[in-house]
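Enquirer: The following file, upload_38.cif, comprises mmCIF, C-alpha atoms:
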data_model
loop_
_atom_site.group_PDB
_atom_site.id
_atom_site.type_symbol
_atom_site.label_atom_id
_atom_site.label_comp_id
_atom_site.auth_asym_id
_atom_site.auth_seq_id
_atom_site.Cartn_x
_atom_site.Cartn_y
_atom_site.Cartn_z
ATOM 1 C CA MET A 269 89.533 85.092 99.342
ATOM 2 C CA ARG A 270 88.678 88.658 100.293
ATOM 3 C CA ILE A 271 91.301 89.988 102.695
ATOM 4 C CA ALA A 272 91.115 93.364 104.421
ATOM 5 C CA VAL A 273 94.383 95.109 105.266
ATOM 6 C CA ALA A 274 94.416 97.793 107.964
ATOM 7 C CA GLY A 275 97.256 100.196 107.302
ATOM 8 C CA GLY A 276 97.386 98.948 103.729
ATOM 9 C CA THR A 277 99.283 102.006 102.496
ATOM 10 C CA GLY A 278 102.096 101.775 105.084
ATOM 11 C CA VAL A 279 105.618 100.340 105.023
ATOM 12 C CA VAL A 280 104.474 96.749 105.564
ATOM 13 C CA GLY A 281 100.808 97.084 104.652
ATOM 14 C CA SER A 282 101.572 98.065 101.063
ATOM 15 C CA HIS A 283 103.610 94.874 100.686
ATOM 16 C CA VAL A 284 100.770 92.866 102.225
ATOM 17 C CA VAL A 285 98.351 94.256 99.645
ATOM 18 C CA GLU A 286 100.809 93.464 96.862
ATOM 19 C CA ALA A 287 101.274 89.884 98.117
ATOM 20 C CA VAL A 288 97.550 89.292 98.578
ATOM 21 C CA ARG A 289 96.853 90.356 95.009
ATOM 22 C CA ALA A 290 99.818 88.420 93.622
ATOM 23 C CA ASP A 291 98.364 85.284 95.203
ATOM 24 C CA GLY A 292 95.098 85.839 93.356
ATOM 25 C CA HIS A 293 93.048 87.179 96.274
ATOM 26 C CA GLU A 294 91.127 90.435 96.637
ATOM 27 C CA ALA A 295 92.694 93.057 98.907
ATOM 28 C CA VAL A 296 90.467 95.570 100.706
ATOM 29 C CA VAL A 297 92.579 98.494 101.924
ATOM 30 C CA LEU A 298 91.401 99.982 105.218
ATOM 31 C CA SER A 299 92.686 103.541 105.446
ATOM 32 C CA ARG A 300 91.352 107.064 105.704
ATOM 33 C CA GLY A 301 91.939 107.365 101.962
ATOM 34 C CA THR A 302 89.417 104.592 101.359
ATOM 35 C CA GLY A 303 86.880 106.020 103.808
ATOM 36 C CA VAL A 304 87.809 103.971 106.883
ATOM 37 C CA ASP A 305 88.928 105.526 110.183
ATOM 38 C CA LEU A 306 90.099 102.940 112.703
ATOM 39 C CA THR A 307 90.168 105.423 115.572
ATOM 40 C CA THR A 308 86.448 106.198 115.253
ATOM 41 C CA GLY A 309 85.278 103.018 113.540
ATOM 42 C CA ALA A 310 83.789 105.001 110.670
ATOM 43 C CA GLY A 311 83.446 102.931 107.505
ATOM 44 C CA LEU A 312 84.551 99.654 109.105
ATOM 45 C CA ASP A 313 81.245 97.787 109.002
ATOM 46 C CA ALA A 314 80.777 98.346 105.277
ATOM 47 C CA ALA A 315 84.424 97.602 104.474
ATOM 48 C CA LEU A 316 84.401 94.252 106.293
ATOM 49 C CA ASP A 317 81.230 92.961 104.660
ATOM 50 C CA GLY A 318 82.062 89.616 103.047
ATOM 51 C CA VAL A 319 85.686 89.640 104.193
ATOM 52 C CA ASP A 320 87.382 86.286 104.862
ATOM 53 C CA ALA A 321 90.335 87.598 106.900
ATOM 54 C CA VAL A 322 91.706 90.838 108.336
ATOM 55 C CA ILE A 323 95.399 91.733 108.574
ATOM 56 C CA ASP A 324 96.217 94.565 110.996
ATOM 57 C CA THR A 325 99.398 96.486 110.141
ATOM 58 C CA ALA A 326 98.098 99.908 111.216
ATOM 59 C CA ASN A 327 100.681 102.064 112.959
ATOM 60 C CA VAL A 328 101.176 105.350 114.784
ATOM 61 C CA SER A 329 104.302 107.511 114.934
ATOM 62 C CA THR A 330 104.994 108.155 118.603
ATOM 63 C CA LEU A 331 107.537 107.284 121.290
ATOM 64 C CA SER A 332 104.983 107.827 124.070
ATOM 65 C CA ALA A 333 103.719 104.707 125.833
ATOM 66 C CA ASP A 334 100.434 106.439 126.683
ATOM 67 C CA ALA A 335 99.832 107.699 123.143
ATOM 68 C CA ALA A 336 100.720 104.350 121.585
ATOM 69 C CA THR A 337 98.531 102.456 124.025
ATOM 70 C CA ARG A 338 95.544 104.745 123.417
ATOM 71 C CA PHE A 339 95.886 104.427 119.661
ATOM 72 C CA PHE A 340 96.305 100.655 119.496
ATOM 73 C CA GLN A 341 93.625 99.874 122.071
ATOM 74 C CA THR A 342 91.168 102.115 120.225
ATOM 75 C CA ALA A 343 92.049 101.270 116.614
ATOM 76 C CA THR A 344 92.517 97.529 117.051
ATOM 77 C CA GLY A 345 89.589 97.398 119.466
ATOM 78 C CA ASN A 346 87.329 98.938 116.819
ATOM 79 C CA LEU A 347 88.729 96.622 114.158
ATOM 80 C CA ALA A 348 88.224 93.500 116.276
ATOM 81 C CA ALA A 349 84.694 94.515 117.224
ATOM 82 C CA ALA A 350 83.754 95.184 113.608
ATOM 83 C CA ALA A 351 85.327 91.889 112.531
ATOM 84 C CA ALA A 352 83.252 90.042 115.129
ATOM 85 C CA GLN A 353 80.108 91.836 113.981
ATOM 86 C CA ALA A 354 80.853 90.870 110.369
ATOM 87 C CA ARG A 355 81.645 87.293 111.421
ATOM 88 C CA VAL A 356 85.149 87.472 109.933
ATOM 89 C CA PRO A 357 86.762 84.089 110.710
ATOM 90 C CA HIS A 358 90.387 85.230 111.126
ATOM 91 C CA VAL A 359 92.265 88.324 112.303
ATOM 92 C CA VAL A 360 96.045 88.510 111.834
ATOM 93 C CA LEU A 361 98.069 91.071 113.797
ATOM 94 C CA LEU A 362 101.606 92.228 113.081
ATOM 95 C CA SER A 363 103.583 92.765 116.279
ATOM 96 C CA ILE A 364 107.250 93.047 117.296
ATOM 97 C CA VAL A 365 109.742 90.539 118.694
ATOM 98 C CA GLY A 366 110.748 91.245 122.284
ATOM 99 C CA ILE A 367 107.987 93.634 123.342
ATOM 100 C CA ASP A 368 107.232 91.517 126.406
ATOM 101 C CA ARG A 369 110.895 91.784 127.403
ATOM 102 C CA MET A 370 110.937 95.560 126.819
ATOM 103 C CA PRO A 371 107.423 96.814 127.683
ATOM 104 C CA TYR A 372 108.360 100.475 127.450
ATOM 105 C CA ASP A 373 107.524 103.478 125.273
ATOM 106 C CA TYR A 374 106.027 102.466 121.895
ATOM 107 C CA TYR A 375 106.429 98.777 122.764
ATOM 108 C CA ALA A 376 104.012 99.192 125.668
ATOM 109 C CA GLY A 377 101.370 100.159 123.130
ATOM 110 C CA LYS A 378 102.101 97.131 120.956
ATOM 111 C CA LEU A 379 101.836 94.837 123.983
ATOM 112 C CA ALA A 380 98.461 96.387 124.831
ATOM 113 C CA GLN A 381 97.407 95.847 121.218
ATOM 114 C CA GLU A 382 98.237 92.139 121.441
ATOM 115 C CA ARG A 383 96.027 91.855 124.530
ATOM 116 C CA VAL A 384 93.113 93.409 122.637
ATOM 117 C CA VAL A 385 93.414 90.761 119.913
ATOM 118 C CA GLU A 386 93.856 87.935 122.422
ATOM 119 C CA ALA A 387 90.665 88.994 124.215
ATOM 120 C CA ALA A 388 88.626 89.305 121.012
ATOM 121 C CA SER A 389 85.941 86.811 120.045
ATOM 122 C CA VAL A 390 87.388 86.442 116.536
ATOM 123 C CA PRO A 391 89.946 83.638 116.004
ATOM 124 C CA TRP A 392 93.378 85.225 115.697
ATOM 125 C CA THR A 393 97.020 84.909 114.748
ATOM 126 C CA ILE A 394 99.739 87.205 116.089
ATOM 127 C CA LEU A 395 103.019 87.421 114.170
ATOM 128 C CA ARG A 396 105.932 89.080 115.933
ATOM 129 C CA ALA A 397 108.619 90.264 113.521
ATOM 130 C CA THR A 398 111.975 91.892 114.139
ATOM 131 C CA GLN A 399 112.851 95.406 112.955
ATOM 132 C CA PHE A 400 112.669 95.965 109.217
ATOM 133 C CA HIS A 401 115.572 96.920 106.957
ATOM 134 C CA GLU A 402 113.655 100.172 106.466
ATOM 135 C CA PHE A 403 114.249 100.950 110.169
ATOM 136 C CA ALA A 404 117.725 102.223 109.269
ATOM 137 C CA ALA A 405 116.237 104.855 106.970
ATOM 138 C CA GLN A 406 113.730 105.938 109.602
ATOM 139 C CA LEU A 407 116.451 106.367 112.216
ATOM 140 C CA PHE A 408 118.713 108.264 109.848
ATOM 141 C CA ASP A 409 115.902 110.778 109.329
ATOM 142 C CA ARG A 410 114.834 111.005 112.977
ATOM 143 C CA ALA A 411 117.903 110.399 115.181
ATOM 144 C CA LYS A 412 119.559 113.791 115.361
ATOM 145 C CA VAL A 413 121.298 116.057 117.836
ATOM 146 C CA GLY A 414 120.646 119.454 116.330
ATOM 147 C CA PRO A 415 121.728 119.174 112.679
ATOM 148 C CA LEU A 416 123.952 116.153 113.414
ATOM 149 C CA HIS A 417 122.721 112.689 112.458
ATOM 150 C CA VAL A 418 123.565 109.998 115.001
ATOM 151 C CA ALA A 419 123.541 106.199 114.780
ATOM 152 C CA PRO A 420 121.963 104.437 117.778
ATOM 153 C CA ARG A 421 123.700 101.311 119.033
ATOM 154 C CA ALA A 422 121.583 98.158 119.234
ATOM 155 C CA ARG A 423 121.629 94.474 118.350
ATOM 156 C CA VAL A 424 119.047 93.658 115.698
ATOM 157 C CA GLN A 425 118.233 90.925 113.190
ATOM 158 C CA PRO A 426 116.386 92.913 110.549
ATOM 159 C CA VAL A 427 114.016 91.515 107.958
ATOM 160 C CA ALA A 428 112.801 92.999 104.677
ATOM 161 C CA ALA A 429 109.332 94.540 104.947
ATOM 162 C CA ARG A 430 108.463 92.838 101.657
ATOM 163 C CA GLU A 431 109.080 89.438 103.243
ATOM 164 C CA VAL A 432 106.989 90.377 106.274
ATOM 165 C CA GLY A 433 104.135 91.391 104.000
ATOM 166 C CA ALA A 434 104.262 88.126 102.074
ATOM 167 C CA HIS A 435 104.380 86.114 105.306
ATOM 168 C CA LEU A 436 101.340 87.916 106.713
ATOM 169 C CA ALA A 437 99.425 87.282 103.490
ATOM 170 C CA ARG A 438 100.168 83.560 103.747
ATOM 171 C CA LEU A 439 99.114 83.422 107.397
ATOM 172 C CA ALA A 440 95.806 85.091 106.568
ATOM 173 C CA THR A 441 94.867 82.359 104.112
ATOM 174 C CA GLY A 442 95.489 79.609 106.663
ATOM 175 C CA ALA A 443 93.863 78.604 109.920
ATOM 176 C CA PRO A 444 94.246 80.836 113.009
ATOM 177 C CA GLN A 445 97.391 79.902 114.961
ATOM 178 C CA GLY A 446 97.336 82.055 118.076
ATOM 179 C CA ARG A 447 100.957 83.081 118.498
ATOM 180 C CA ALA A 448 102.760 82.161 115.276
ATOM 181 C CA ALA A 449 106.493 81.534 115.135
ATOM 182 C CA ASP A 450 108.474 84.776 115.163
ATOM 183 C CA LEU A 451 109.825 86.145 111.870
ATOM 184 C CA ALA A 452 113.352 87.553 111.673
ATOM 185 C CA GLY A 453 116.013 88.378 109.127
ATOM 186 C CA PRO A 454 118.766 85.974 108.090
ATOM 187 C CA GLN A 455 121.522 87.405 110.317
ATOM 188 C CA GLU A 456 122.241 89.711 113.230
ATOM 189 C CA GLU A 457 123.382 93.251 112.457
ATOM 190 C CA ARG A 458 124.588 96.280 114.379
ATOM 191 C CA LEU A 459 121.981 98.983 114.136
ATOM 192 C CA ASP A 460 124.530 101.813 114.079
ATOM 193 C CA ASP A 461 126.350 100.152 111.174
ATOM 194 C CA MET A 462 123.031 99.873 109.314
ATOM 195 C CA VAL A 463 122.281 103.580 109.754
ATOM 196 C CA LYS A 464 125.744 104.570 108.545
ATOM 197 C CA ALA A 465 125.560 102.222 105.556
ATOM 198 C CA TYR A 466 122.181 103.652 104.604
ATOM 199 C CA ALA A 467 123.555 107.189 104.883
ATOM 200 C CA ARG A 468 126.484 106.370 102.597
ATOM 201 C CA ARG A 469 124.191 104.671 100.103
ATOM 202 C CA THR A 470 122.015 107.769 99.877
ATOM 203 C CA GLY A 471 124.973 110.107 99.420
ATOM 204 C CA HIS A 472 125.416 111.510 102.922
ATOM 205 C CA GLY A 473 129.103 112.187 103.464
ATOM 206 C CA GLY A 474 129.070 113.691 106.938
ATOM 207 C CA TRP A 475 130.270 112.220 110.217
ATOM 208 C CA ILE A 476 127.674 110.085 111.988
ATOM 209 C CA PRO A 477 128.741 109.104 115.506
ATOM 210 C CA SER A 478 127.533 105.904 117.156
ATOM 211 C CA VAL A 479 125.613 106.682 120.350
ATOM 212 C CA SER A 480 123.970 104.732 123.149
ATOM 213 C CA LEU A 481 120.567 106.346 123.489
ATOM 214 C CA PRO A 482 119.012 106.551 126.957
ATOM 215 C CA GLY A 483 115.861 104.723 127.963
ATOM 216 C CA ALA A 484 114.947 101.208 128.983
ATOM 217 C CA GLN A 485 113.850 100.176 125.508
ATOM 218 C CA MET A 486 117.137 101.118 123.812
ATOM 219 C CA LYS A 487 119.112 99.600 126.681
ATOM 220 C CA GLY A 488 117.180 96.372 126.146
ATOM 221 C CA MET A 489 117.910 96.421 122.425
ATOM 222 C CA ARG A 490 121.624 96.876 123.110
ATOM 223 C CA ALA A 491 121.402 93.818 125.374
ATOM 224 C CA GLY A 492 119.887 91.751 122.564
ATOM 225 C CA LEU A 493 116.328 91.594 123.897
ATOM 226 C CA ALA A 494 114.922 92.383 120.439
ATOM 227 C CA LEU A 495 116.602 89.343 118.869
ATOM 228 C CA PRO A 496 114.551 86.275 117.931
ATOM 229 C CA GLY A 497 114.693 83.087 119.961
ATOM 230 C CA ASP A 498 114.894 79.490 118.861
ATOM 231 C CA GLY A 499 112.255 78.397 116.398
ATOM 232 C CA ALA A 500 111.950 81.696 114.550
ATOM 233 C CA VAL A 501 111.260 81.671 110.829
ATOM 234 C CA LEU A 502 114.157 83.398 109.056
ATOM 235 C CA GLY A 503 113.831 85.614 106.013
ATOM 236 C CA VAL A 504 116.171 85.463 103.053
ATOM 237 C CA GLN A 505 117.315 88.951 102.123
ATOM 238 C CA PRO A 506 120.203 90.438 104.166
ATOM 239 C CA PHE A 507 120.384 94.157 104.827
ATOM 240 C CA ALA A 508 123.354 94.709 102.475
ATOM 241 C CA GLU A 509 121.399 93.264 99.549
ATOM 242 C CA TRP A 510 118.370 95.410 100.396
ATOM 243 C CA LEU A 511 120.609 98.490 100.272
ATOM 244 C CA THR A 512 121.637 97.731 96.696
ATOM 245 C CA GLU A 513 117.978 97.954 95.611
ATOM 246 C CA LEU A 514 117.651 101.580 96.710
ATOM 247 C CA GLY A 515 117.573 104.142 93.941
#
What is this file in structure tokens?

Expert:
Amino acid sequence: MRIAVAGGTGVVGSHVVEAVRADGHEAVVLSRGTGVDLTTGAGLDAALDGVDAVIDTANVSTLSADAATRFFQTATGNLAAAAAQARVPHVVLLSIVGIDRMPYDYYAGKLAQERVVEAASVPWTILRATQFHEFAAQLFDRAKVGPLHVAPRARVQPVAAREVGAHLARLATGAPQGRAADLAGPQEERLDDMVKAYARRTGHGGWIPSVSLPGAQMKGMRAGLALPGDGAVLGVQPFAEWLTELG
């Protein structure tokens, strides 16, 4: 099979590409580096010629609901339209567990993105996954008060990005499912503990206080609204094991 991967150089997309190739399929990376711009549609028609499935893992770094919504509606809208034009038989979208329970900030954009795929003429599968183990590293870098790193409180059930990538690759080779079963990690974790453990693993010795960040989205995560429900597919690798693999 020939499988196109939007965002194929990102945290999850790179693992998707690796899994696709490991399974003996051809991976077509859709990124600006390969001459494809999802926000304008440039290069999409040529890139999707002869493609059997598209996996959308493209992302944008923003906390703004408006900015996220504009990006995902435009980028995924262009991707879906080009897939329909190329008669691609299956589009797979990576989304996030709980966004319908917390439709705020970045999650509002992801919810809008799901609606674009659901309204498309191409048969589709949407996979909602929980936060990745890599989320702890991202928060350690970004969650600061001045020079002080802080650890946001939340209930999460993180999954390895590598497992998400492999799962998306498998879904793409099967029949469209609509909403697939959610994907989550093997056990619940405290997000602030994850951030502190990551900091220690990478040699940071300073004090990192646990904080309850403001905003409806973080309040929802503290209440457990980002946790998977019954019937979720569970990954294998716990966060502590993932930490040991870091250099």

Enquirer: I need the residue nearest A:Trp510 from this list: A:Gly276, A:Gly483, A:Gly453, A:Gly471. Use all atoms listed in the file for the distance.

Expert: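 Once distances to A:Trp510 are computed over all atoms listed in the file, the minimum belongs to A:Gly453.
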
Enquirer: Could you tell me how far atom CA of A:Ala465 lies from atom CA of A:Gln425, in Å and to one decimal?

Expert: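 Separating atom CA of A:Ala465 from atom CA of A:Gln425 is a distance of 15.5 Å.
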
Enquirer: Give me, please, the distance in Å between atom CA of A:Arg490 and atom CA of A:Met462, quoted to one decimal.

Expert: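 Pair atom CA of A:Arg490 / atom CA of A:Met462 returns 14.2 Å.
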
Enquirer: Rank A:Ala449, A:Ala333, A:Leu481, A:Leu407 by their smallest atom-to-atom distance to A:Gln381, using only C-alpha atoms, and report the top residue only.

Expert: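 Checking each candidate against A:Gln381, we get A:Ala333 as the closest.
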
Enquirer: Find the spatial neighbours of A:Thr337, counting all atoms listed in the file, within a cut-off of 9 Å - ignore same-chain residues fewer than 2 positions away - and output them as a list in words.

Expert: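 Here the qualifying residues turn out to be Ser332, Ala333, Asp334, Ala335, Phe339, Phe340, Gln341, Thr342, Tyr374, Tyr375, Ala376, Gly377, Lys378, Leu379, Ala380 and Gln381 of chain A.
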